[in-house]
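Novice: Sharing protein-v7.pdb below, PDB, C-alpha atoms:
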ATOM      1  CA  MET A1116      -1.191   8.858 -72.970
ATOM      2  CA  ASN A1117       0.872   8.173 -69.846
ATOM      3  CA  GLU A1118      -1.451   5.350 -68.861
ATOM      4  CA  GLU A1119      -1.140   3.827 -72.347
ATOM      5  CA  SER A1120       2.652   4.069 -72.451
ATOM      6  CA  SER A1121       2.816   2.575 -68.954
ATOM      7  CA  ARG A1122       0.687  -0.329 -70.156
ATOM      8  CA  PHE A1123       3.051  -0.880 -73.083
ATOM      9  CA  THR A1124       6.105  -0.985 -70.828
ATOM     10  CA  ARG A1125       4.489  -3.447 -68.416
ATOM     11  CA  ARG A1126       3.324  -5.880 -71.101
ATOM     12  CA  PRO A1127       6.805  -6.991 -72.290
ATOM     13  CA  ALA A1128       7.734  -7.680 -68.660
ATOM     14  CA  ALA A1129       4.691  -9.934 -68.338
ATOM     15  CA  VAL A1130       5.632 -11.747 -71.549
ATOM     16  CA  ALA A1131       9.179 -12.240 -70.254
ATOM     17  CA  ALA A1132       7.819 -13.576 -66.963
ATOM     18  CA  VAL A1133       5.628 -16.122 -68.741
ATOM     19  CA  LEU A1134       8.553 -17.179 -70.901
ATOM     20  CA  GLY A1135      10.716 -17.545 -67.783
ATOM     21  CA  ILE A1136       8.081 -19.765 -66.182
ATOM     22  CA  ALA A1137       7.938 -21.888 -69.332
ATOM     23  CA  VAL A1138      11.704 -22.394 -69.354
ATOM     24  CA  PHE A1139      11.877 -23.045 -65.611
ATOM     25  CA  GLY A1140       8.948 -25.446 -65.857
ATOM     26  CA  ALA A1141      10.722 -27.415 -68.563
ATOM     27  CA  GLY A1142      13.947 -27.546 -66.573
ATOM     28  CA  ALA A1143      12.169 -28.635 -63.403
ATOM     29  CA  GLY A1144      10.217 -31.301 -65.250
ATOM     30  CA  PHE A1145      13.329 -32.810 -66.811
ATOM     31  CA  ALA A1146      15.239 -32.646 -63.532
ATOM     32  CA  VAL A1147      12.489 -34.487 -61.651
ATOM     33  CA  SER A1148      11.753 -37.087 -64.306
ATOM     34  CA  GLY A1149      14.046 -40.016 -64.917
ATOM     35  CA  CYS A1150      14.534 -42.205 -67.954
ATOM     36  CA  GLY A1151      12.946 -45.351 -69.214
ATOM     37  CA  SER A1152       9.559 -45.748 -67.550
ATOM     38  CA  ASP A1153       6.119 -44.947 -68.908
ATOM     39  CA  SER A1154       5.463 -42.731 -65.915
ATOM     40  CA  ASN A1155       8.545 -40.683 -66.679
ATOM     41  CA  SER A1156       7.655 -40.465 -70.361
ATOM     42  CA  ASP A1157       4.197 -39.206 -69.413
ATOM     43  CA  SER A1158       5.795 -36.657 -67.104
ATOM     44  CA  VAL A1159       8.139 -35.443 -69.846
ATOM     45  CA  ASN A1160       5.284 -35.277 -72.336
ATOM     46  CA  SER A1161       3.234 -33.311 -69.826
ATOM     47  CA  VAL A1162       6.077 -30.831 -69.384
ATOM     48  CA  ILE A1163       6.484 -30.524 -73.154
ATOM     49  CA  ASP A1164       2.742 -29.896 -73.555
ATOM     50  CA  SER A1165       2.869 -27.271 -70.809
ATOM     51  CA  VAL A1166       5.838 -25.500 -72.380
ATOM     52  CA  GLN A1167       4.173 -25.533 -75.796
ATOM     53  CA  SER A1168       0.979 -24.117 -74.296
ATOM     54  CA  GLN A1169       2.888 -21.379 -72.485
ATOM     55  CA  ALA A1170       4.885 -20.601 -75.630
ATOM     56  CA  SER A1171       1.624 -20.244 -77.525
ATOM     57  CA  SER A1172       0.372 -17.885 -74.828
ATOM     58  CA  VAL A1173       3.579 -15.818 -75.060
ATOM     59  CA  GLN A1174       3.223 -15.661 -78.839
ATOM     60  CA  SER A1175      -0.375 -14.484 -78.474
ATOM     61  CA  GLN A1176       0.617 -11.819 -75.951
ATOM     62  CA  ALA A1177       3.480 -10.662 -78.169
ATOM     63  CA  SER A1178       1.067 -10.376 -81.089
ATOM     64  CA  SER A1179      -1.316  -8.359 -78.926
ATOM     65  CA  VAL A1180       1.507  -6.041 -77.816
ATOM     66  CA  SER A1181       2.580  -5.602 -81.434
ATOM     67  CA  SER A1182      -0.959  -4.685 -82.424
ATOM     68  CA  GLN A1183      -1.282  -2.209 -79.548
ATOM     69  CA  VAL A1184       2.051  -0.599 -80.361
ATOM     70  CA  SER A1185       1.037  -0.301 -84.011
ATOM     71  CA  THR A1186      -2.203   1.395 -82.982
ATOM     72  CA  ALA A1187      -0.309   3.775 -80.691
ATOM     73  CA  VAL A1188       2.168   4.620 -83.454
ATOM     74  CA  GLN A1189      -0.687   5.393 -85.852
ATOM     75  CA  SER A1190      -2.260   7.633 -83.215
ATOM     76  CA  VAL A1191       0.996   9.522 -82.660
ATOM     77  CA  GLN A1192       1.489   9.891 -86.415
ATOM     78  CA  SER A1193      -2.032  11.286 -86.751
ATOM     79  CA  GLN A1194      -1.431  13.745 -83.921
ATOM     80  CA  ALA A1195       1.888  14.802 -85.461
ATOM     81  CA  GLN A1196       0.159  15.361 -88.807
ATOM     82  CA  SER A1197      -2.472  17.487 -87.084
ATOM     83  CA  VAL A1198       0.180  19.597 -85.361
ATOM     84  CA  GLN A1199       2.069  19.962 -88.637
ATOM     85  CA  THR A1200      -1.127  21.144 -90.352
ATOM     86  CA  GLN A1201      -1.746  23.711 -87.594
ATOM     87  CA  ILE A1202       1.836  24.980 -87.891
ATOM     88  CA  GLN A1203       1.463  25.351 -91.661
ATOM     89  CA  GLN A1204      -1.813  27.244 -91.219
ATOM     90  CA  ASN A1205      -0.153  29.587 -88.740
ATOM     91  CA  GLN A1206       2.768  30.159 -91.102
ATOM     92  CA  ASN A1207       0.352  30.922 -93.937
ATOM     93  CA  GLY A1208      -1.438  33.582 -91.965
ATOM     94  CA  GLY A1209      -3.967  31.515 -90.079
ATOM     95  CA  SER A1210      -7.118  29.968 -91.378
ATOM     96  CA  GLY A1211      -8.031  33.023 -93.448
ATOM     97  CA  GLN A1212     -11.183  33.799 -91.522
ATOM     98  CA  TYR A1213      -9.933  37.271 -90.541
ATOM     99  CA  GLY A1214      -9.054  38.355 -94.060
ATOM    100  CA  TYR A1215      -5.521  39.562 -93.408
TER
END
Write out the structure in this file as structure tokens.
Specialist:
Amino acid sequence: MNEESSRFTRRPAAVAAVLGIAVFGAGAGFAVSGCGSDSNSDSVNSVIDSVQSQASSVQSQASSVSSQVSTAVQSVQSQAQSVQTQIQQNQNGGSGQYGY
């Protein structure tokens, strides 16, 4: 479980890093490109395409993290239910196999 929770805490950092690269990439592209020429328009369009691609990647990673967290939550809920069942059996005198 520690390995899984560690993986969940690292994933958002990776998503944030990708998002930071996307924003920095857009800023750098606009700072380098000028106005008015076809070459500059192509450069701006290239930056926009790159940012959109990276945003799509971030969205995909966020969806994956959400799915993994949901799976982990279901697992924890199942384990909690199992523990609760064991506690109830103990409070009711065990499983009944000893006939007390």
Novice: One decimal, Å: what's the distance from atom CA of Gln1192 of chain A over to atom CA of Gln1176 of chain A, could you say?
Specialist: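 Between these atoms lies a distance of 24.1 Å.
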Novice: Any idea what the distance is between atom CA of Val1188 of chain A and atom CA of Ser1172 of chain A?
Specialist: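 Value for the atom CA of Val1188 of chain A-atom CA of Ser1172 of chain A distance: 24.2 Å.
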Novice: Interatomic distance between atom CA of Val1173 of chain A and atom CA of Ser1190 of chain A?
Specialist: 25.5 Å
Novice: Could you work out an axis-aligned bounding box for all listed atoms of segment 1161-1177 of chain A, with 5 Å added on each of the six sides, and give its centre and edge lengths in Å to one decimal, as lines of an AutoDock Vina configuration file?
Specialist:
center_x = 3.1
center_y = -22.0
center_z = -74.1
size_x = 16.9
size_y = 32.6
size_z = 19.5
